[in-house]
>>> print(open('model.txt').read())   # compact mmCIF, C-alpha atoms
# COMPACT_ATOMS: atom_id res chain seq x y z
CA MET F 222 101.30 64.97 98.36
CA ALA F 223 102.78 68.45 98.73
CA ASN F 224 102.07 68.33 102.50
CA ASN F 225 103.65 64.89 102.78
CA GLN F 226 106.83 66.11 101.11
CA SER F 227 106.93 69.09 103.45
CA VAL F 228 106.62 66.75 106.48
CA ARG F 229 109.36 64.48 105.13
CA ARG F 230 111.76 67.36 104.74
CA HIS F 231 111.21 68.42 108.37
CA LEU F 232 110.97 64.95 109.95
CA ASP F 233 112.94 65.25 113.20
CA ALA F 234 115.09 62.57 114.78
CA PHE F 235 112.56 61.79 117.56
CA THR F 236 109.77 61.11 115.06
CA ARG F 237 112.09 58.93 113.02
CA GLY F 238 112.86 56.90 116.15
CA GLN F 239 109.15 56.49 116.89
CA ILE F 240 108.49 55.21 113.40
CA ILE F 241 111.33 52.68 113.58
CA GLY F 242 110.14 51.51 117.02
CA LYS F 243 106.61 50.80 115.78
CA LEU F 244 107.97 48.93 112.74
CA GLU F 245 110.17 46.79 115.02
CA GLU F 246 107.02 45.90 116.98
CA GLY F 247 105.69 44.25 113.84
CA ARG F 248 103.41 47.02 112.60
CA SER F 249 102.92 47.33 108.86
CA VAL F 250 104.37 50.21 106.87
CA THR F 251 100.88 51.27 105.74
CA SER F 252 99.46 51.51 109.26
CA VAL F 253 102.47 53.45 110.56
CA ALA F 254 102.27 55.90 107.63
CA ALA F 255 98.56 56.42 108.31
CA GLU F 256 99.18 56.99 112.02
CA PHE F 257 101.81 59.69 111.43
CA GLY F 258 100.00 61.18 108.43
CA ILE F 259 102.90 60.78 106.02
CA ALA F 260 103.36 59.01 102.70
CA HIS F 261 103.89 55.24 102.52
CA SER F 262 107.10 55.78 100.51
CA ILE F 263 108.64 57.90 103.29
CA VAL F 264 108.16 55.21 105.91
CA SER F 265 109.36 52.55 103.48
CA ARG F 266 112.59 54.40 102.69
CA LEU F 267 113.20 55.08 106.38
CA TRP F 268 112.77 51.37 107.21
CA ARG F 269 115.13 50.34 104.39
CA GLN F 270 117.69 52.85 105.62
CA PHE F 271 117.51 51.41 109.16
CA GLN F 272 117.86 47.84 107.92
CA THR F 273 120.83 48.74 105.71
CA THR F 274 122.81 51.15 107.90
CA GLY F 275 121.44 50.42 111.37
CA THR F 276 120.45 54.04 111.91
CA ALA F 277 117.53 56.27 111.02
CA ILE F 278 119.39 59.57 111.37
CA ARG F 279 119.12 61.73 108.29
CA GLY F 280 122.44 62.14 106.51
CA PHE F 281 123.80 65.56 105.67
CA SER F 282 125.87 66.60 102.66
CA SER F 283 127.88 69.69 101.97
CA GLY F 284 126.54 69.72 98.41
CA ARG F 285 128.34 69.90 95.12
CA PRO F 286 131.64 71.77 95.37
CA ARG F 287 131.77 75.15 93.63
CA GLY F 288 133.49 75.18 90.27
CA THR F 289 134.91 78.67 90.78
CA THR F 290 136.82 80.47 93.48
CA PRO F 291 136.02 83.99 94.74
CA ALA F 292 138.87 85.25 92.56
CA ASP F 293 137.32 83.51 89.54
CA ASP F 294 133.96 85.16 90.32
CA ARG F 295 135.59 88.59 90.38
CA TYR F 296 137.38 87.84 87.10
CA ILE F 297 134.09 86.79 85.46
CA ALA F 298 132.33 89.99 86.59
CA LEU F 299 135.28 92.11 85.43
CA GLN F 300 135.15 90.56 81.94
CA ALA F 301 131.43 91.25 81.66
CA ARG F 302 131.88 94.90 82.68
CA ARG F 303 134.83 95.45 80.33
CA ASN F 304 132.95 94.07 77.32
CA ARG F 305 129.24 94.03 78.04
CA ARG F 306 128.37 92.42 74.70
CA GLN F 307 130.22 89.19 75.48
CA THR F 308 128.05 86.12 75.80
CA ALA F 309 128.21 83.79 78.80
CA GLY F 310 129.86 81.18 76.54
CA GLU F 311 132.62 83.57 75.51
CA ILE F 312 133.29 84.56 79.10
CA ALA F 313 133.35 80.87 80.07
CA ARG F 314 135.99 80.12 77.41
CA HIS F 315 138.18 83.04 78.49
CA THR F 316 137.88 82.05 82.15
CA THR F 317 138.71 78.42 81.36
CA GLN F 318 141.84 79.51 79.49
CA ALA F 319 142.88 81.80 82.36
CA THR F 320 142.28 79.32 85.20
CA GLY F 321 142.97 76.01 83.48
CA ARG F 322 139.71 74.58 84.86
CA PRO F 323 136.61 73.87 82.75
CA ILE F 324 133.82 76.33 83.54
CA SER F 325 130.44 76.16 81.83
CA ARG F 326 128.40 79.08 80.53
CA PHE F 327 125.68 78.19 83.03
CA THR F 328 128.16 78.69 85.88
CA VAL F 329 129.17 82.03 84.40
CA ALA F 330 125.53 83.13 84.16
CA ARG F 331 124.90 82.18 87.81
CA ARG F 332 127.98 84.06 89.00
CA LEU F 333 126.99 87.17 87.04
CA HIS F 334 123.43 87.01 88.36
CA GLY F 335 124.82 86.70 91.86
CA GLY F 336 126.90 89.82 91.21
CA GLY F 337 123.89 91.80 90.00
CA LEU F 338 124.59 91.55 86.24
CA PHE F 339 121.83 90.42 83.89
CA ALA F 340 121.60 90.00 80.11
CA ARG F 341 119.26 92.65 78.74
CA ARG F 342 118.60 94.29 75.41
CA PRO F 343 120.45 97.60 75.19
CA VAL F 344 118.72 100.93 74.75
CA ARG F 345 118.89 102.16 71.15
CA CYS F 346 118.92 105.89 70.65
CA VAL F 347 120.15 108.61 68.36
CA PRO F 348 123.74 109.78 68.94
CA LEU F 349 123.71 112.94 71.03
CA THR F 350 126.58 115.38 70.58
CA PRO F 351 127.44 117.97 73.24
CA ALA F 352 125.65 120.57 71.09
CA HIS F 353 122.49 118.41 71.02
CA ARG F 354 122.60 118.06 74.79
CA ARG F 355 122.89 121.80 75.29
CA ARG F 356 119.99 122.48 72.94
CA ARG F 357 117.81 119.83 74.58
CA SER F 358 118.56 121.20 78.01
CA LEU F 359 117.91 124.78 76.91
CA TRP F 360 114.60 123.87 75.28
CA CYS F 361 113.43 122.02 78.39
CA ARG F 362 114.38 124.85 80.73
CA GLU F 363 112.37 127.25 78.55
CA HIS F 364 109.25 125.07 78.89
CA ARG F 365 109.67 123.65 82.38
CA ASN F 366 106.85 125.84 83.75
CA TRP F 367 104.29 124.99 81.09
CA ARG F 368 101.01 123.75 82.49
CA ASP F 369 98.74 121.01 81.19
CA ASN F 370 96.39 123.45 79.47
CA GLU F 371 99.33 124.93 77.55
CA TRP F 372 100.51 121.52 76.36
CA GLY F 373 96.90 120.75 75.47
CA ARG F 374 96.92 123.49 72.81
CA VAL F 375 100.04 122.13 71.11
CA LEU F 376 100.02 120.19 67.85
CA PHE F 377 102.79 117.57 67.84
CA THR F 378 103.94 116.50 64.39
CA ASP F 379 106.59 113.97 63.51
CA GLU F 380 107.55 111.37 60.94
CA SER F 381 109.18 107.96 61.16
CA ARG F 382 110.37 105.23 58.88
CA PHE F 383 109.12 101.64 59.02
CA SER F 384 111.46 99.22 57.27
CA LEU F 385 110.77 95.97 55.41
CA SER F 386 114.05 94.53 56.65
CA CYS F 387 113.90 92.68 59.95
CA ASP F 388 115.87 93.83 62.96
CA SER F 389 115.85 90.82 65.31
CA ARG F 390 117.50 92.81 68.14
CA HIS F 391 119.11 89.64 69.48
CA ILE F 392 122.04 91.61 70.89
CA HIS F 393 122.16 91.51 74.69
CA ILE F 394 124.50 93.22 77.12
CA TRP F 395 125.30 92.65 80.79
CA THR F 396 123.71 95.40 82.89
CA GLU F 397 123.01 96.13 86.53
CA ARG F 398 119.54 97.00 87.74
CA GLY F 399 118.75 100.70 87.55
CA THR F 400 121.43 101.47 84.91
CA ARG F 401 119.36 101.02 81.75
CA ASN F 402 119.96 104.58 80.49
CA ASN F 403 123.63 104.82 81.41
CA LEU F 404 125.90 105.62 78.49
CA PHE F 405 127.67 102.24 78.57
CA ASN F 406 124.30 100.48 78.17
CA ILE F 407 123.23 102.43 75.07
CA ILE F 408 123.72 101.50 71.44
CA LYS F 409 123.81 104.71 69.44
CA ARG F 410 122.06 104.22 66.15
CA ASP F 411 120.23 106.61 63.85
CA PHE F 412 120.01 104.83 60.49
CA PHE F 413 118.64 101.51 59.23
CA GLY F 414 118.94 100.50 55.58
CA GLY F 415 116.49 98.65 53.36
CA ARG F 416 113.21 99.50 51.76
CA GLY F 417 110.31 100.87 53.73
CA VAL F 418 107.72 103.61 54.13
CA ILE F 419 108.02 107.02 55.73
CA VAL F 420 104.91 108.08 57.60
CA ARG F 421 103.91 111.36 59.19
CA VAL F 422 101.23 112.12 61.75
CA ASP F 423 99.96 114.98 63.92
CA ILE F 424 98.47 114.57 67.38
CA MET F 425 96.80 116.86 69.90
CA LEU F 426 95.24 116.34 73.29
CA GLY F 427 91.77 115.73 71.90
CA SER F 428 92.33 114.88 68.24
CA ARG F 429 94.74 113.53 65.63
CA THR F 430 95.18 113.50 61.89
CA ASP F 431 95.18 110.62 59.45
CA LEU F 432 98.47 108.92 58.69
CA HIS F 433 100.32 110.46 55.74
CA ILE F 434 102.81 108.45 53.73
CA SER F 435 105.84 109.07 51.57
CA GLN F 436 106.63 105.71 50.01
CA GLY F 437 110.01 104.67 48.76
CA GLY F 438 113.53 104.28 50.05
CA SER F 439 115.54 106.31 52.49
CA SER F 440 115.28 110.07 52.45
CA PRO F 441 118.08 112.17 53.95
CA GLY F 442 117.06 113.71 57.25
CA THR F 443 113.79 111.77 57.48
CA ALA F 444 114.59 108.07 57.11
CA ILE F 445 114.53 106.56 60.55
CA VAL F 446 113.54 103.29 62.16
CA THR F 447 110.33 103.04 64.17
CA ARG F 448 111.78 103.44 67.67
CA ILE F 449 113.88 106.54 66.98
CA THR F 450 112.80 110.01 65.81
CA PRO F 451 115.82 112.26 65.26
CA ASP F 452 114.34 114.65 62.73
CA HIS F 453 113.02 118.16 63.46
CA THR F 454 109.81 118.02 65.44
CA VAL F 455 107.60 121.09 65.11
CA LEU F 456 105.06 121.94 67.78
CA ALA F 457 102.49 124.48 66.58
CA SER F 458 99.95 126.17 68.85
CA ALA F 459 97.58 129.09 68.47
CA TYR F 460 100.23 131.40 69.93
CA MET F 461 103.64 130.28 68.77
CA ILE F 462 105.61 127.85 66.67
CA PHE F 463 108.83 126.39 67.97
CA LYS F 464 111.15 123.50 67.18
CA VAL F 465 112.50 120.64 69.16
CA TYR F 466 116.03 120.38 67.86
CA ARG F 467 117.23 117.47 65.80
CA CYS F 468 118.25 114.32 67.66
CA CYS F 469 116.04 114.81 70.72
CA PRO F 470 113.60 111.86 70.77
CA GLY F 471 112.79 112.33 74.45
CA GLN F 472 110.86 115.55 73.90
CA SER F 473 108.17 114.29 71.51
CA PRO F 474 105.40 111.97 72.72
CA ILE F 475 104.92 110.73 69.15
CA LYS F 476 108.05 108.65 69.62
CA HIS F 477 105.99 106.37 71.84
CA VAL F 478 103.24 106.20 69.22
CA TRP F 479 105.82 104.80 66.79
CA ASP F 480 106.96 102.47 69.54
CA VAL F 481 103.43 101.12 70.07
CA ILE F 482 102.97 100.54 66.33
CA GLY F 483 106.41 98.98 66.03
CA ARG F 484 105.80 96.48 68.84
CA ARG F 485 102.51 95.41 67.27
CA LEU F 486 104.12 94.97 63.85
CA GLN F 487 106.83 92.77 65.36
CA THR F 488 104.18 90.20 66.28
CA MET F 489 102.97 89.96 62.67
CA PRO F 490 104.46 88.22 59.62
CA LEU F 491 106.96 90.36 57.71
CA PRO F 492 105.17 92.18 54.84
CA CYS F 493 106.23 91.50 51.26
CA SER F 494 105.81 94.99 49.77
CA ASP F 495 105.69 98.66 50.67
CA ASP F 496 101.93 98.73 50.07
CA GLU F 497 101.33 95.87 52.47
CA LEU F 498 103.57 97.51 55.08
CA TRP F 499 101.69 100.81 54.68
CA GLN F 500 98.34 99.07 55.18
CA MET F 501 99.62 97.38 58.34
CA VAL F 502 100.96 100.64 59.78
CA GLU F 503 97.75 102.52 58.98
CA ARG F 504 95.62 99.77 60.53
CA GLU F 505 97.64 99.82 63.74
CA TRP F 506 97.54 103.63 63.85
CA ARG F 507 93.76 103.61 63.71
CA ALA F 508 93.65 100.96 66.45
CA ILE F 509 95.46 103.19 68.97
CA PRO F 510 92.84 104.75 71.30
CA GLN F 511 92.81 108.50 71.83
CA ASP F 512 93.23 107.94 75.57
CA THR F 513 96.72 106.58 74.87
CA ILE F 514 97.64 109.78 73.02
CA ARG F 515 96.15 111.88 75.82
CA THR F 516 98.29 110.03 78.36
CA LEU F 517 101.42 110.64 76.29
CA ILE F 518 100.75 114.38 75.99
CA ASP F 519 100.01 114.58 79.71
CA SER F 520 103.52 113.19 80.32
CA MET F 521 105.24 116.22 78.74
CA PRO F 522 106.00 117.95 82.11
CA ARG F 523 107.67 114.75 83.33
CA ARG F 524 109.65 114.42 80.08
CA VAL F 525 110.92 117.99 80.42
CA SER F 526 111.92 117.47 84.06
CA SER F 527 113.66 114.21 83.24
CA CYS F 528 115.68 115.82 80.46
CA ILE F 529 116.74 118.69 82.72
CA ALA F 530 117.83 116.22 85.40
CA VAL F 531 120.27 114.49 83.00
CA ARG F 532 121.41 117.80 81.44
CA GLY F 533 120.06 117.01 78.01
CA GLY F 534 121.24 113.40 77.90
CA PRO F 535 119.20 110.26 77.12
CA THR F 536 116.19 109.70 79.34
CA SER F 537 113.87 106.79 80.07
CA TYR F 538 111.24 108.28 77.75
>>> encode(input="model.txt", output="structure tokens")
Amino acid sequence: MANNQSVRRHLDAFTRGQIIGKLEEGRSVTSVAAEFGIAHSIVSRLWRQFQTTGTAIRGFSSGRPRGTTPADDRYIALQARRNRRQTAGEIARHTTQATGRPISRFTVARRLHGGGLFARRPVRCVPLTPAHRRRRSLWCREHRNWRDNEWGRVLFTDESRFSLSCDSRHIHIWTERGTRNNLFNIIKRDFFGGRGVIVRVDIMLGSRTDLHISQGGSSPGTAIVTRITPDHTVLASAYMIFKVYRCCPGQSPIKHVWDVIGRRLQTMPLPCSDDELWQMVEREWRAIPQDTIRTLIDSMPRRVSSCIAVRGGPTSY
């Protein structure tokens, strides 16, 4: 049937004339369809068209007229860029009021897609002050020449907070491709309320510790949601101890460990107590293979280079 539809769409005028000629000779619709290798319904519609209009030429249509003008399209894109958190429905209402013509949210979405704007979840990160950026950049420049064997001797330690309250993350913004980490596409957030558990873990290239817990509510300087790690991260090796300054989540690979656990927890029913949440976090921590941790630690040279490239600003890590 798919081949028949393809033939019908490309049926030229000469073939149409041949079909009509054979039908005028008294041939049946079934035999003509079999001879040309097309569907019975195609020949039947073509014969009805000839009997009704006297012609078998395929009609052409310019299609449905556009509901917006080029000026309207530019106005729609300008609204989305001025306030990236607006929904397509809100933009449609504003455009309707401005033009006096009804415009649907589906039309707005199509125009924005045509202009390279798509609704995506914004990046959530810790607010970075100019001082944080300088410290991040300085730290990365100091360790830009570290080799894999040097990173392999480092113990990464960090803590994060998993909350009982649900963050649906239903906020979307209009973004262009390749601009995910631009400042106007970032929601700066470093605190989430509600009850939860604070967990701490240490990882190395070939080993890791058990998950440690500090149950209870928020703790100043340590309470943080799963995807963000703004507290002091200490890296201890056999030769030196140094700190990754506060509010620099891009430097620690453990941030992605919390991210893996957080994504898995989002697929599960919301726990009812701190104890149940702790058991879920511990179970998911044990389920993470050591190869995943090894891959994260191996990415440290790329993380450092990426941070230097943006002068201490937010990175894709």
>>> closest_residue(input="model.txt", among="F:His393, F:Arg485, F:Arg357, F:Arg237", to="Ala277 in chain F", atoms="all atoms listed in the file")
F:Arg237
>>> atom_distance(input="model.txt", atom1="CA of Ala254 in chain F", atom2="CA of Thr274 in chain F")
21.1 Å
>>> residues_around(input="model.txt", residues="range 306-309 of chain F", least_positions_apart="4", cutoff="8 Å", atoms="all atoms listed in the file", output="list in words")
Ala301, Ala313, Arg326, Phe327, Val329, Ala330, Ile392, His393, Ile394 and Trp395 of chain F
>>> residues_near_point(input="model.txt", point="(116.9, 117.3, 79.5)", cutoff="7 Å", atoms="only C-alpha atoms", output="PDB file with C-alpha atoms, in the coordinates of the input")
ATOM      1  CA  ARG F 357     117.810 119.830  74.580  1.00  0.00           C
ATOM      2  CA  SER F 358     118.560 121.200  78.010  1.00  0.00           C
ATOM      3  CA  CYS F 361     113.430 122.020  78.390  1.00  0.00           C
ATOM      4  CA  VAL F 525     110.920 117.990  80.420  1.00  0.00           C
ATOM      5  CA  SER F 526     111.920 117.470  84.060  1.00  0.00           C
ATOM      6  CA  SER F 527     113.660 114.210  83.240  1.00  0.00           C
ATOM      7  CA  CYS F 528     115.680 115.820  80.460  1.00  0.00           C
ATOM      8  CA  ILE F 529     116.740 118.690  82.720  1.00  0.00           C
ATOM      9  CA  ALA F 530     117.830 116.220  85.400  1.00  0.00           C
ATOM     10  CA  VAL F 531     120.270 114.490  83.000  1.00  0.00           C
ATOM     11  CA  ARG F 532     121.410 117.800  81.440  1.00  0.00           C
ATOM     12  CA  GLY F 533     120.060 117.010  78.010  1.00  0.00           C
ATOM     13  CA  GLY F 534     121.240 113.400  77.900  1.00  0.00           C
TER      14      GLY F 534
END
>>> closest_residue(input="model.txt", among="F:Leu385, F:Cys493, F:Leu486, F:Val502", to="Asp431 in chain F", atoms="only C-alpha atoms")
F:Val502
>>> atom_distance(input="model.txt", atom1="CA of Ile324 in chain F", atom2="CA of Leu299 in chain F")
16.0 Å
>>> residues_around(input="model.txt", residues="Arg524 in chain F", least_positions_apart="2", cutoff="10 Å", atoms="all atoms listed in the file", output="short mmCIF file (atom, residue, chain, number, x, y, z; two decimals) with C-alpha atoms, keeping the file's coordinate frame")
data_model
loop_
_atom_site.label_atom_id
_atom_site.label_comp_id
_atom_site.auth_asym_id
_atom_site.auth_seq_id
_atom_site.Cartn_x
_atom_site.Cartn_y
_atom_site.Cartn_z
CA CYS F 361 113.43 122.02 78.39
CA ARG F 365 109.67 123.65 82.38
CA GLY F 471 112.79 112.33 74.45
CA GLN F 472 110.86 115.55 73.90
CA SER F 473 108.17 114.29 71.51
CA PRO F 474 105.40 111.97 72.72
CA LEU F 517 101.42 110.64 76.29
CA ILE F 518 100.75 114.38 75.99
CA ASP F 519 100.01 114.58 79.71
CA SER F 520 103.52 113.19 80.32
CA MET F 521 105.24 116.22 78.74
CA PRO F 522 106.00 117.95 82.11
CA SER F 526 111.92 117.47 84.06
CA SER F 527 113.66 114.21 83.24
CA CYS F 528 115.68 115.82 80.46
CA ILE F 529 116.74 118.69 82.72
CA ALA F 530 117.83 116.22 85.40
CA THR F 536 116.19 109.70 79.34
CA SER F 537 113.87 106.79 80.07
CA TYR F 538 111.24 108.28 77.75
#
>>> residues_around(input="model.txt", residues="range 321-323 of chain F", least_positions_apart="6", cutoff="10 Å", atoms="only C-alpha atoms", output="mmCIF file with C-alpha atoms, in the frame of the given file")
data_model
loop_
_atom_site.group_PDB
_atom_site.id
_atom_site.type_symbol
_atom_site.label_atom_id
_atom_site.label_comp_id
_atom_site.auth_asym_id
_atom_site.auth_seq_id
_atom_site.Cartn_x
_atom_site.Cartn_y
_atom_site.Cartn_z
ATOM 1 C CA GLY F 288 133.490 75.180 90.270
ATOM 2 C CA THR F 289 134.910 78.670 90.780
ATOM 3 C CA ALA F 313 133.350 80.870 80.070
ATOM 4 C CA ARG F 314 135.990 80.120 77.410
ATOM 5 C CA HIS F 315 138.180 83.040 78.490
#
